[in-house]
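Presented below is the structure to which this report refers.
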Amino acid sequence: MTFQHEPVLVEPVLELLQPRPGGHYLDGTVGGGGHAAALLTAAPDAHLLGLDQDDEALAAAAARLAPFGDRVTLRRARYSTMAEVAHQLGWNQVDGILLDIGVSSHQINTPIRGFAHRFDGPLDMRMDRRQSLTASGLLNHTSEEELARIFRDYGEEPRARALAHAVAVRRREAPWERTGELAELAAAVCGGHQRSLPGATRAFQALRIAVNDELGELERGLRAAHDLLAPGGRLAVISFHSLEDRLVKNFFRDAAAACLCPPGLPECRCGKVVTLHVVTRKPIFARPAELAANPRSAPARLRVAERLPPRKG
């Protein structure tokens, strides 16, 4: 199946990341290479390190970015390990980092990957197919209490306990194997389109996040990006749901804060150093023209922060 994925928010990413000729940039979720190609085109002689967990994405990126020759280096790795990979190339700092968080259109539209409830396929959901944990393994071997937490915290599902119980009852009869089976159960237990998202959508989102440790990866990746950025370098993060966006917003806010002491203290005692300037006080959403051309861009939101130079003295 041909890798198809339309990058979102390309214009605002370039406007806010401000890539410059000869700079060093890192795309931690290179996907099919759409953002990377735009960045390299906008900044002649710039070099880019592209990371991804997905072997199919890296193959597509390699084909798309081939015209840029040795200006591009691709590695199969989680973006939380970006500093280690960059250091292997002799890059101690970079001038800009992009993270486009979440699942790609190709992953969603490939039934055998198991990401989408609208296709019947194996309950897989692994972004990195080298790892052992799959969605079926999680459903079949995780305690009912932990499943309820996953559906509640990662899917924001009000009927999380009922869904976890139904999953546990069903697996006593036969192991979970197919996406269609889970989609049918989630729709029956959690309802259809009575809320902002169908029950099956919430359940699949929760499992995907748990299988890939997406929120833990984002927390680690934000810290790694913060430390790898050169002074004046910018970090751009695109997220697609509130859980991710909240993490990014809070990380930027805390790094930009002058004090993190508890309220009520007469003076600051934390010794906090401001390390980021938040460029986007509110998230940037797709413009009308992009929404019309690519409806998938609707939930995407972009936040950008700039690394400040070390404080003197």
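Identifiers in this document derive from the order of the structure tokens: chains are assigned A, B, ..., residues are numbered from 1 separately in each chain, and ligands are numbered from 1 in order of occurrence.
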- Quick one: residues within 12 Å of range 143-156 of chain A, only C-alpha atoms counted, chain neighbours fewer than 4 positions away excluded, as a ChimeraX atom specification? /A:135,137-139,160-171,186,190,195-216,241-244
- Provide the CA of Pro288 in chain A to CA of Ser105 in chain A distance in Å, to one decimal place.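 Between CA of Pro288 in chain A and CA of Ser105 in chain A the gap is 20.3 Å.
Non-sequential neighbours of Asp124 in chain A (distance at most 9 Å, separation of 5 or more positions within a chain, only C-alpha atoms) are Ile112, Arg113, Gly114, Phe115, Arg129, Leu133, Thr134, Ala135, Ser136, Gly137, Glu177, Arg178, Thr179, Arg208 and Val211 of chain A.
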Just the selected residues (N, CA and C atoms), exported as a short mmCIF file (atom, residue, chain, number, x, y, z; two decimals), in the first residue's frame, please.
data_model
loop_
_atom_site.label_atom_id
_atom_site.label_comp_id
_atom_site.auth_asym_id
_atom_site.auth_seq_id
_atom_site.Cartn_x
_atom_site.Cartn_y
_atom_site.Cartn_z
N ILE A 112 -4.39 -3.60 8.41
CA ILE A 112 -3.54 -4.56 9.11
C ILE A 112 -2.81 -3.93 10.30
N ARG A 113 -2.72 -2.59 10.34
CA ARG A 113 -2.07 -1.91 11.46
C ARG A 113 -3.00 -1.81 12.67
N GLY A 114 -4.31 -1.92 12.45
CA GLY A 114 -5.26 -2.01 13.57
C GLY A 114 -5.54 -0.73 14.31
N PHE A 115 -5.29 0.43 13.70
CA PHE A 115 -5.50 1.70 14.39
C PHE A 115 -6.94 2.21 14.31
N ARG A 129 6.72 -1.62 15.15
CA ARG A 129 6.31 -3.03 15.13
C ARG A 129 7.40 -3.97 15.65
N LEU A 133 4.33 -5.47 22.83
CA LEU A 133 2.97 -5.18 23.29
C LEU A 133 2.09 -4.72 22.14
N THR A 134 0.95 -5.38 21.97
CA THR A 134 -0.05 -4.99 20.99
C THR A 134 -1.35 -4.67 21.72
N ALA A 135 -2.31 -4.12 20.98
CA ALA A 135 -3.61 -3.82 21.58
C ALA A 135 -4.31 -5.09 22.04
N SER A 136 -4.20 -6.17 21.27
CA SER A 136 -4.82 -7.43 21.69
C SER A 136 -4.18 -7.95 22.96
N GLY A 137 -2.86 -7.87 23.05
CA GLY A 137 -2.18 -8.30 24.26
C GLY A 137 -2.61 -7.50 25.47
N GLU A 177 -8.96 -10.36 19.35
CA GLU A 177 -8.07 -10.45 18.20
C GLU A 177 -8.35 -9.43 17.12
N ARG A 178 -9.61 -8.98 16.95
CA ARG A 178 -9.99 -8.18 15.80
C ARG A 178 -10.53 -6.81 16.21
N THR A 179 -10.21 -5.80 15.40
CA THR A 179 -10.70 -4.44 15.66
C THR A 179 -12.22 -4.36 15.58
N ARG A 208 -4.52 2.97 21.81
CA ARG A 208 -3.36 3.39 21.03
C ARG A 208 -2.36 4.14 21.90
N VAL A 211 -0.71 1.51 24.29
CA VAL A 211 0.20 0.59 23.60
C VAL A 211 1.52 1.27 23.29
#
- Query: Can you tell me, as JSON, numbers by chain, what residues are no more than 9 Å from Leu276 in chain A when counting only C-alpha atoms, ignoring any on the same chain fewer than 5 positions away?
  - Reply: {"A": [226, 252, 253, 254, 255, 256, 257, 305, 306, 307, 308, 309]}
- Would you please give, as a PyMOL selection string, all residues of range 43-156 of chain A that DSSP assigns to strand (DSSP E or B) based on the backbone? chain A and resi 47-52+72-76+94-100+122
- Which of these, A:Asp55, A:Asp27, A:Glu11, A:Glu181, has the shortest distance to Met82 in chain A once you count only C-alpha atoms? A:Asp27
- Closest of A:Lys249, A:Arg130, A:His24, A:Arg64 to Thr280 in chain A - atom-to-atom distances counting only C-alpha atoms: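 Among the listed residues, the smallest separation from Thr280 in chain A belongs to A:Lys249.
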- One decimal, Å: what's the distance from CA of Gly232 in chain A over to CA of Asp95 in chain A, could you say? 7.3 Å
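Of the residues listed (A:Glu219, A:Asp245, A:Asp52, A:Glu184), A:Glu184 shows the shortest atom-to-atom separation from Phe119 in chain A; distances use only C-alpha atoms.
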- Go through range 213-279 of chain A and collect every residue that DSSP, computed from the backbone, puts in helix (DSSP H, G or I); the answer should be as a ChimeraX atom specification. /A:214-228,242-256
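Distance check against Pro310 in chain A using only C-alpha atoms: of A:Pro7, A:Pro231, A:Pro44, A:Gly102, the minimum falls on A:Pro231.
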- Task: Kindly indicate which residue among A:Val85, A:Glu56, A:Gly33, A:Ser239 lies nearest to Phe68 in chain A, using only C-alpha atoms for the distances.
- Result: A:Gly33
- Task: Work out how far CA of Gly180 in chain A is from CA of His117 in chain A, in Å to one decimal.
- Result: 6.5 Å
